[in-house]
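K.L.:
My questions all concern the structure below.
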Amino acid sequence: MTSKERFLKYVSYHTTSSEESETSPSTMRQLDLSRELLAEMKDLGLRDVFMDSCGNVIGTLPAAPDTEAPVVALIAHVDTSCAASGENVHAREVLYDGTEIVLGHGVTLGESRFPFMKEVRGKKLLVTDGSTLLGADDKAGVAEIMTAVETLLREEIPHGELRIIFTTDEEVGRGTEGLDVNALGCRWAYTVDGGALGGYEYENFNAASARVRFHGVGIHPGSAKGIMKNAATIGMEFHALLPADQVPEKTEGYEGFIHLMNMTGNVVEAELDYIIRDHDKELFEAKKRLILDAADKINGIYGPGTAEAELRDGYYNMKEKILPHAHLLTRAEDAFRACGVTPYSEPVRGGTDGAVLTWEGLPCPNLSTGGYNFHGVQEFIPVDSLEIMPRVLIEIVKSFCGDRTA
Ligand SMILES: [Zn+2]
């Protein structure tokens, strides 16, 4: 089965995860694809294949005879973002010649909106019908890993022991739930969950959330003078104390932000919810202090306890944990080049499951899948990306063989 055929099979599964759900996995429909992968992995001859209670599927490709190499994990996720429908995906292949592609449902895809599409002129693209996302994020990663495994076996390519891991609920920030880094028993790992072909990522945001509650004093507005404390307007005053230019819509690259996600309130109670992001650890801590300082200032004006700020760290930039193992990055670069692809690295303005695993002790950069425009109906992937990425993965796997330094 080609990588494209696998991909088209996997996108037919409806695996949208859910932010609201508290179950694990967040949606039971993800298990349909997990079960399919479980069966396919067993058919391929993988050992110790199992599905855990979160719907993660884990299996082992034993090392080829007489091959010494550290255990390496390849990881992708089965769920798709709830930002667009993932049900009844009708993928279609088009030869892109530079003219706007009419997807359907009033949606088009082309260079007027996505100038980078110049790079994929002349390529066959898999696109949607305009009513759903495609699911290349991350079923392309799943298909590419499965194809790499199948090819390693069929072509009897030397390889060390590989742990193959397909996770649920990555899109809702719960992708590593159920994974125990010690139990996985791997030395190194790669997630295959990035964008355009050739990309490898090892820098991501440090992330925290802040919930700030405001407690007011309510009284009839006619006799409120000197007594009322309006929690809603105090909340607005608080927000005005934060830097107006450190917001997502005004930052890019390495620049971090404090993003107001949600606000609710009335005279008596108000709440502002923020997320805080920065690549740089010191700037990250400074942004958290801005929140606490603004709360102190409000309490200075309106009395102690008026504002209560609760900060919670989410994940951290994996850069400092990856750079001591820079060979993971050079292996990726060399593998791309060996497959005729120019490697590039970009800081991720978000997090990855690899970042969490890295901080838990399993260094895990992220690799491209070759897809574009994730989380929307204009998502697409060039067919050749699906064929090249398995080769890239194989090159990486081969690079570990007999390498006693790794
Ligand atoms: Zn993804």
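Note on naming: chains are A, B, ... as they come in the structure tokens, residues start from 1 per chain, ligands start from 1 in the order shown.
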Kindly assemble as CSV a list of the stretch 150-217 of chain A residues that lie within 9 Å of stretch 32-45 of chain A, each paired with its nearest atom pair and their distance in Å to one decimal, using only C-alpha atoms, sorted first by chain and then by ascending residue number.
P.N.:
```
residue,atom,partner,partner_atom,distance
A:Glu150,CA,A:Leu44,CA,6.7
A:Leu153,CA,A:Leu44,CA,8.3
A:Ile164,CA,A:Met41,CA,8.9
A:Phe166,CA,A:Ser34,CA,7.6
A:Thr167,CA,A:Ser34,CA,8.3
A:Thr168,CA,A:Ser34,CA,8.3
```
K.L.:
May I have the residues within 8 Å of stretch 288-298 of chain A as an mmCIF file with N, CA and C atoms, in the first residue's frame, using only C-alpha atoms and disregarding those fewer than 3 positions away in the same chain?
P.N.:
```cif
data_model
loop_
_atom_site.group_PDB
_atom_site.id
_atom_site.type_symbol
_atom_site.label_atom_id
_atom_site.label_comp_id
_atom_site.auth_asym_id
_atom_site.auth_seq_id
_atom_site.Cartn_x
_atom_site.Cartn_y
_atom_site.Cartn_z
ATOM 1 N N ALA A 210 -3.234 32.299 32.979
ATOM 2 C CA ALA A 210 -3.524 33.128 34.151
ATOM 3 C C ALA A 210 -5.025 33.352 34.239
ATOM 4 N N ILE A 234 -13.181 47.299 36.960
ATOM 5 C CA ILE A 234 -11.855 47.089 37.559
ATOM 6 C C ILE A 234 -11.064 46.089 36.708
ATOM 7 N N PHE A 238 -7.527 46.660 34.965
ATOM 8 C CA PHE A 238 -6.425 45.703 35.071
ATOM 9 C C PHE A 238 -5.839 45.427 33.695
ATOM 10 N N LEU A 241 -3.508 47.848 32.180
ATOM 11 C CA LEU A 241 -2.158 47.920 32.766
ATOM 12 C C LEU A 241 -1.161 47.023 32.024
ATOM 13 N N LEU A 242 -1.677 46.103 31.197
ATOM 14 C CA LEU A 242 -0.796 45.175 30.476
ATOM 15 C C LEU A 242 -0.347 45.820 29.168
ATOM 16 N N ILE A 276 -0.199 32.998 28.390
ATOM 17 C CA ILE A 276 1.083 33.697 28.332
ATOM 18 C C ILE A 276 2.062 32.807 27.581
ATOM 19 N N PHE A 284 9.494 35.157 29.531
ATOM 20 C CA PHE A 284 8.307 34.408 29.960
ATOM 21 C C PHE A 284 8.001 34.715 31.429
ATOM 22 N N GLU A 285 9.047 34.637 32.261
ATOM 23 C CA GLU A 285 8.858 34.928 33.691
ATOM 24 C C GLU A 285 8.445 36.393 33.879
ATOM 25 N N ILE A 301 -5.138 50.087 44.843
ATOM 26 C CA ILE A 301 -6.153 51.124 44.602
ATOM 27 C C ILE A 301 -7.479 50.781 45.298
ATOM 28 N N TYR A 302 -7.902 49.512 45.149
ATOM 29 C CA TYR A 302 -9.264 49.139 45.563
ATOM 30 C C TYR A 302 -9.312 48.319 46.856
ATOM 31 N N GLY A 303 -8.153 48.035 47.409
ATOM 32 C CA GLY A 303 -8.135 47.258 48.653
ATOM 33 C C GLY A 303 -7.690 45.826 48.423
ATOM 34 N N THR A 306 -9.068 42.477 46.128
ATOM 35 C CA THR A 306 -9.946 42.844 45.007
ATOM 36 C C THR A 306 -9.614 42.017 43.772
ATOM 37 N N ALA A 307 -8.319 41.908 43.474
ATOM 38 C CA ALA A 307 -7.875 41.098 42.332
ATOM 39 C C ALA A 307 -7.109 39.891 42.847
ATOM 40 N N GLU A 308 -7.436 38.736 42.295
ATOM 41 C CA GLU A 308 -6.720 37.500 42.651
ATOM 42 C C GLU A 308 -6.207 36.861 41.370
ATOM 43 N N ALA A 309 -4.900 36.808 41.233
ATOM 44 C CA ALA A 309 -4.314 36.220 40.022
ATOM 45 C C ALA A 309 -3.792 34.824 40.320
ATOM 46 N N LEU A 311 -1.726 31.821 38.480
ATOM 47 C CA LEU A 311 -0.904 31.455 37.323
ATOM 48 C C LEU A 311 -0.652 29.952 37.313
#
```
K.L.:
Give me, please, the distance in Å between atom CA of A:Glu237 and atom CA of A:Leu283, quoted to one decimal.
P.N.:
23.2 Å
K.L.:
Counting only C-alpha atoms and all ligand atoms, name the residues that have an atom within 12 Å of an atom of ligand 1; the answer should be given as a ChimeraX atom specification.
P.N.:
/A:16-17,75-82,135-142,166-175,191-195,350-354,366-375
K.L.:
Store the residues of this selection in a file with N, CA and C atoms, as a CSV table (one decimal), in the first residue's frame.
P.N.:
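As written to disk, selection18.csv reads:
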```
chain,number,residue,atom,x,y,z
A,16,THR,N,-12.2,13.8,15.2
A,16,THR,CA,-12.1,15.1,15.8
A,16,THR,C,-12.1,14.9,17.3
A,17,SER,N,-11.2,15.6,18.0
A,17,SER,CA,-11.1,15.6,19.5
A,17,SER,C,-12.0,16.7,20.0
A,75,ILE,N,6.5,9.2,16.4
A,75,ILE,CA,5.2,9.5,17.1
A,75,ILE,C,4.3,10.4,16.1
A,76,ALA,N,3.1,10.1,16.0
A,76,ALA,CA,2.1,10.9,15.3
A,76,ALA,C,0.8,10.8,16.1
A,77,HIS,N,-0.1,11.7,15.8
A,77,HIS,CA,-1.4,11.7,16.5
A,77,HIS,C,-2.6,11.4,15.5
A,78,VAL,N,-3.6,10.7,16.1
A,78,VAL,CA,-4.7,10.3,15.2
A,78,VAL,C,-5.9,11.3,15.2
A,79,ASP,N,-5.9,12.2,16.2
A,79,ASP,CA,-7.1,13.1,16.2
A,79,ASP,C,-6.9,14.3,15.3
A,80,THR,N,-8.0,15.0,15.0
A,80,THR,CA,-7.9,16.2,14.2
A,80,THR,C,-8.5,17.4,15.0
A,81,SER,N,-8.1,18.6,14.6
A,81,SER,CA,-8.6,19.8,15.3
A,81,SER,C,-10.1,20.0,15.2
A,82,CYS,N,-10.7,20.5,16.3
A,82,CYS,CA,-12.1,20.8,16.2
A,82,CYS,C,-12.4,22.2,15.6
A,135,GLY,N,-7.1,16.7,7.3
A,135,GLY,CA,-6.6,15.8,8.3
A,135,GLY,C,-5.2,15.3,8.1
A,136,ALA,N,-4.4,16.1,7.2
A,136,ALA,CA,-3.0,15.8,7.1
A,136,ALA,C,-2.3,16.0,8.4
A,137,ASP,N,-2.8,16.9,9.2
A,137,ASP,CA,-2.5,17.1,10.6
A,137,ASP,C,-3.4,16.2,11.5
A,138,ASP,N,-3.0,15.0,11.8
A,138,ASP,CA,-1.6,14.5,11.6
A,138,ASP,C,-1.7,13.1,11.0
A,139,LYS,N,-2.7,12.9,10.1
A,139,LYS,CA,-2.8,11.5,9.5
A,139,LYS,C,-1.7,11.4,8.5
A,140,ALA,N,-1.2,12.5,8.0
A,140,ALA,CA,0.0,12.3,7.1
A,140,ALA,C,1.1,11.8,7.9
A,141,GLY,N,1.3,12.2,9.1
A,141,GLY,CA,2.4,11.7,9.9
A,141,GLY,C,2.2,10.2,10.2
A,142,VAL,N,0.9,9.8,10.5
A,142,VAL,CA,0.6,8.4,10.7
A,142,VAL,C,0.9,7.6,9.5
A,166,PHE,N,1.1,6.0,18.3
A,166,PHE,CA,0.1,6.9,17.7
A,166,PHE,C,-0.8,7.3,18.9
A,167,THR,N,-0.9,8.6,19.1
A,167,THR,CA,-1.6,9.2,20.3
A,167,THR,C,-2.9,9.8,19.9
A,168,THR,N,-3.7,10.0,20.9
A,168,THR,CA,-5.0,10.6,20.8
A,168,THR,C,-4.9,12.0,21.4
A,169,ASP,N,-5.9,12.9,21.1
A,169,ASP,CA,-6.1,14.2,21.8
A,169,ASP,C,-4.9,15.1,21.8
A,170,GLU,N,-4.1,15.1,20.8
A,170,GLU,CA,-3.0,16.1,20.7
A,170,GLU,C,-3.5,17.5,20.5
A,171,GLU,N,-4.6,17.6,19.7
A,171,GLU,CA,-5.1,18.9,19.4
A,171,GLU,C,-5.7,19.6,20.6
A,172,VAL,N,-6.1,18.9,21.6
A,172,VAL,CA,-6.6,19.5,22.8
A,172,VAL,C,-5.6,19.5,23.9
A,173,GLY,N,-4.3,19.4,23.6
A,173,GLY,CA,-3.3,19.6,24.5
A,173,GLY,C,-3.1,18.4,25.5
A,174,ARG,N,-3.7,17.2,25.1
A,174,ARG,CA,-3.6,16.1,26.0
A,174,ARG,C,-3.0,14.9,25.4
A,175,GLY,N,-2.1,15.2,24.4
A,175,GLY,CA,-1.5,14.1,23.6
A,175,GLY,C,-0.6,13.2,24.3
A,191,THR,N,8.6,13.4,16.8
A,191,THR,CA,7.2,13.5,16.4
A,191,THR,C,7.2,13.9,14.9
A,192,VAL,N,6.2,13.4,14.1
A,192,VAL,CA,6.1,13.7,12.7
A,192,VAL,C,4.7,14.5,12.6
A,193,ASP,N,4.8,15.8,12.9
A,193,ASP,CA,3.5,16.5,13.1
A,193,ASP,C,3.7,18.0,12.6
A,194,GLY,N,4.7,18.2,11.7
A,194,GLY,CA,5.0,19.6,11.3
A,194,GLY,C,4.4,19.9,10.0
A,195,GLY,N,4.7,21.1,9.4
A,195,GLY,CA,4.1,21.5,8.2
A,195,GLY,C,5.0,21.2,6.9
A,350,GLY,N,3.8,27.8,19.4
A,350,GLY,CA,2.8,26.9,20.0
A,350,GLY,C,3.6,25.9,20.8
A,351,GLY,N,3.0,24.8,21.1
A,351,GLY,CA,3.7,23.7,21.8
A,351,GLY,C,3.7,22.5,20.9
A,352,THR,N,4.4,21.4,21.3
A,352,THR,CA,4.3,20.1,20.7
A,352,THR,C,4.3,19.1,21.8
A,353,ASP,N,3.8,17.9,21.4
A,353,ASP,CA,3.9,16.8,22.4
A,353,ASP,C,5.3,16.5,22.7
A,354,GLY,N,6.1,16.7,21.6
A,354,GLY,CA,7.6,16.4,21.8
A,354,GLY,C,8.2,17.3,22.9
A,366,ASN,N,10.5,17.8,16.4
A,366,ASN,CA,9.4,17.6,15.5
A,366,ASN,C,9.8,17.6,14.1
A,367,LEU,N,9.2,16.8,13.2
A,367,LEU,CA,9.5,16.8,11.8
A,367,LEU,C,8.3,17.2,11.0
A,368,SER,N,8.6,17.6,9.8
A,368,SER,CA,7.5,18.0,8.9
A,368,SER,C,6.7,16.8,8.5
A,369,THR,N,5.4,17.0,8.1
A,369,THR,CA,4.6,16.0,7.4
A,369,THR,C,4.6,16.3,5.9
A,370,GLY,N,4.7,17.6,5.6
A,370,GLY,CA,4.6,18.1,4.2
A,370,GLY,C,3.3,18.8,3.9
A,371,GLY,N,2.4,18.9,4.9
A,371,GLY,CA,1.1,19.5,4.7
A,371,GLY,C,1.1,21.0,5.0
A,372,TYR,N,0.0,21.6,4.6
A,372,TYR,CA,-0.2,23.1,4.7
A,372,TYR,C,-1.6,23.4,5.2
A,373,ASN,N,-1.7,24.6,5.8
A,373,ASN,CA,-3.0,25.2,6.1
A,373,ASN,C,-3.8,24.3,7.1
A,374,PHE,N,-3.1,23.8,8.1
A,374,PHE,CA,-3.7,22.9,9.1
A,374,PHE,C,-4.9,23.6,9.8
A,375,HIS,N,-5.8,22.8,10.2
A,375,HIS,CA,-7.0,23.3,11.1
A,375,HIS,C,-8.0,24.0,10.3
```
K.L.:
So, counting only C-alpha atoms, which residue among A:Leu74, A:Ile258, A:Val267, A:Ala69 is closest to A:Ala143?
P.N.:
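Ranked by minimum distance to A:Ala143, first place goes to A:Leu74.
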K.L.:
Which residue gives the smallest distance to A:Met261 among A:Val212, A:Ile101, A:Leu134, A:Ala232, with only C-alpha atoms counted?
P.N.:
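Answer, going by the shortest atom-to-atom distance: A:Val212.
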K.L.:
Considering only C-alpha atoms, return as a list in words whatever protein or nucleic-acid residues lie within 8 Å of stretch 104-114 of chain A, sequence-local ones (same chain, fewer than 4 positions apart) excluded.
P.N.:
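Near stretch 104-114 of chain A, the qualifying residues are Gly98, Thr99, Glu100, Lys118, Asp129, Gly130, Ser131 and Gln378 of chain A.
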K.L.:
What would the file look like if the residues just selected were written as a CSV table (one decimal), in the first residue's frame with N, CA and C atoms?
P.N.:
```csv
chain,number,residue,atom,x,y,z
A,98,GLY,N,-1.2,26.7,-10.7
A,98,GLY,CA,-1.1,28.1,-10.4
A,98,GLY,C,-2.5,28.9,-10.5
A,99,THR,N,-3.4,28.2,-11.1
A,99,THR,CA,-4.8,28.8,-11.1
A,99,THR,C,-5.5,28.4,-9.9
A,100,GLU,N,-6.4,29.3,-9.4
A,100,GLU,CA,-7.2,29.1,-8.2
A,100,GLU,C,-7.9,27.8,-8.2
A,118,LYS,N,3.1,29.2,-4.6
A,118,LYS,CA,4.0,29.2,-5.8
A,118,LYS,C,4.9,28.0,-5.7
A,129,ASP,N,-13.1,19.2,-0.1
A,129,ASP,CA,-14.2,19.7,-0.9
A,129,ASP,C,-14.7,21.0,-0.3
A,130,GLY,N,-13.9,21.6,0.6
A,130,GLY,CA,-14.3,22.9,1.1
A,130,GLY,C,-15.2,22.9,2.3
A,131,SER,N,-15.6,21.7,2.7
A,131,SER,CA,-16.6,21.6,3.8
A,131,SER,C,-15.9,21.0,5.1
A,378,GLN,N,-9.0,24.7,4.0
A,378,GLN,CA,-8.0,24.9,2.9
A,378,GLN,C,-6.8,24.1,3.1
```
K.L.:
Can you list, as a PyMOL selection string, every protein, DNA or RNA residue that comes within 12 Å of A:Glu155 when you count only C-alpha atoms, leaving out same-chain residues fewer than 6 positions away?
P.N.:
chain A and resi 64+147-149+391+394
K.L.:
For A:Phe50, list every protein, DNA or RNA residue within 9 Å, evaluated using only C-alpha atoms, and leave out those in the same chain fewer than 4 positions away; present the list as a count of residues only.
P.N.:
5
K.L.:
Please list as a PyMOL selection string every residue within 8 Å of A:Asp97, counting only C-alpha atoms and excluding residues in the same chain fewer than 2 positions away.
P.N.:
chain A and resi 95+99+121-123
